[in-house]
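Participant: Got a structure here, written out as structure tokens. Questions coming.
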Amino acid sequence: MKRILIIANNDVGLYKFRKELITELTKENEIYLLLPYGKNVDKLIALGAKFIDCPYLERRGTNPFKDIRLMLYFRKNIRKLKPDVILTYTIKPNIYGGYAACLCKIPYIVNVTGLGTALENEGILQKITSLMYKVALKDAKKIFFQNQANQDFMLDRKIIDKSNSYEIIPGSGVNLQEYQVKPYPKQEQVKFAFVSRIMKQKGIDQYLAAAKYIKKKYPETEFHIYGFCEEEYQGGG
């Protein structure tokens with residue numbers, strides 16, 4: 001039986017997008033989850049995983065001293081747990097989890113679920129984050145991307161190169177047993193739905209612009225938004 005440590009930045013994404021993976025892994029492995037406590041943690045534990053709280057992970061914080069504390073906390077738990085392999089998701093777990101795994105000489109796999117504002121926006125923060133990512137990904141056993149654009153971005157900026165082992169996963173997927181396909185209702189009125197967090201990087205500006213344009217020609221058309229705003233998000237939109 002292998003001991004696998006999964007490091008993530010929140011419980012929501014891990015439960016909604018990775019619960020099938022966790023369920024499968026727990027069948028023949030001992031799974032530990034290192035992330036901040038949230039309302040979905042108990043559901044993850046019910047799947048068979050074991051939980052380690054990480055109170056120091058601030059998703060959008062840029063304080064270097066807090067991030068150093070986070071990396072040291074990762075290293076402390078990795079040394080204590082001695083996992084056979086580490087799997088990380090999202091920027092801070094990928095970077096600081098990667099550093100900690102290297103220091104502890106534990107093999108690790110990285111999943112780049114998105115670039116985030118620190119890499120998408122031009123400026124000094126992008127340059128610093130690119131360098132930090134390059135160092136963190138250097139010794140990763142495998143780097144997974146979820147779209148071609150993110151992979152191309154890192155190749156173009158030499159964050160990764162041909163010496164890295166990387167490939168694309170075609171999205172997180174949808175559990176069709178839990179979310180079954182239903183026939184589209186017959187109706188004359190056309191309705192559009194935006195299903196996402198409400199932020200520029202998810203395309204809300206383009207959606208609103210399209211809605212404004214189409215409503216002028218077809219006033220009866222409806223546009224709906226199913227998502228939420230994150231209070232700590234400072235990226236605009």
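Following the order of the structure tokens, chains are lettered A, B, ..., residues in each are numbered from 1, and ligands are numbered from 1.
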From the DSSP assignment of the backbone, select every residue of segment 70-120 of chain A that is strand (DSSP E or B), and format the answer as a count of residues only.
Facilitator: 10
Participant: Fewer than 3 positions away in the same chain doesn't count, so skip those; otherwise give me all residues within 8 Å of Asp84 of chain A, counting only C-alpha atoms, as a list in words.
Facilitator: Lys2, Arg3, Ile4, Ile106 and Pro107 of chain A
Participant: Write out as a list in words which residues come within 10 Å of segment 50-56 of chain A when counting only C-alpha atoms, dropping same-chain ones fewer than 6 positions away.
Facilitator: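 Selected residues are Leu5, Ile6, Ile7, Ala8, Asn9, Asn10, Thr26, Glu30, Ile31, Tyr32, Leu33, Leu34, Leu35, Pro36, Tyr37, Gly38, Val41, Asp42, Leu44, Lys66, Asp67, Ile68, Arg69, Leu70, Met71, Tyr73, Phe74 and Asn77 of chain A.
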Participant: Do you know which residues are at most 9 Å from Phe145 of chain A counting only C-alpha atoms, after dropping those on the same chain fewer than 5 positions away, and could you put them as a count of residues only?
Facilitator: 13
Participant: Given only C-alpha atoms as the basis, pick out the residue of A:Ile204, A:Leu115, A:Ile45, A:Met154 nearest to Tyr226 of chain A.
Facilitator: A:Ile204
Participant: Hey, can you check how far atom CA of Lys215 of chain A sits from atom CA of Gly203 of chain A?
Facilitator: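 That distance, rounded to one decimal, is 18.3 Å.
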Participant: Find, counting only C-alpha atoms, the residue in A:Lys105, A:Lys162, A:Lys16, A:Arg157 that gets nearest to Thr129 of chain A.
Facilitator: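 Closest to Thr129 of chain A, using only C-alpha atoms: A:Arg157.
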Participant: Pick the closest to Val195 of chain A from A:Asp152, A:Val181, A:Phe228, A:Ser165: which is it, counting only C-alpha atoms?
Facilitator: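 Checking each of A:Asp152, A:Val181, A:Phe228, A:Ser165 against Val195 of chain A, counting only C-alpha atoms, the winner is A:Phe228.
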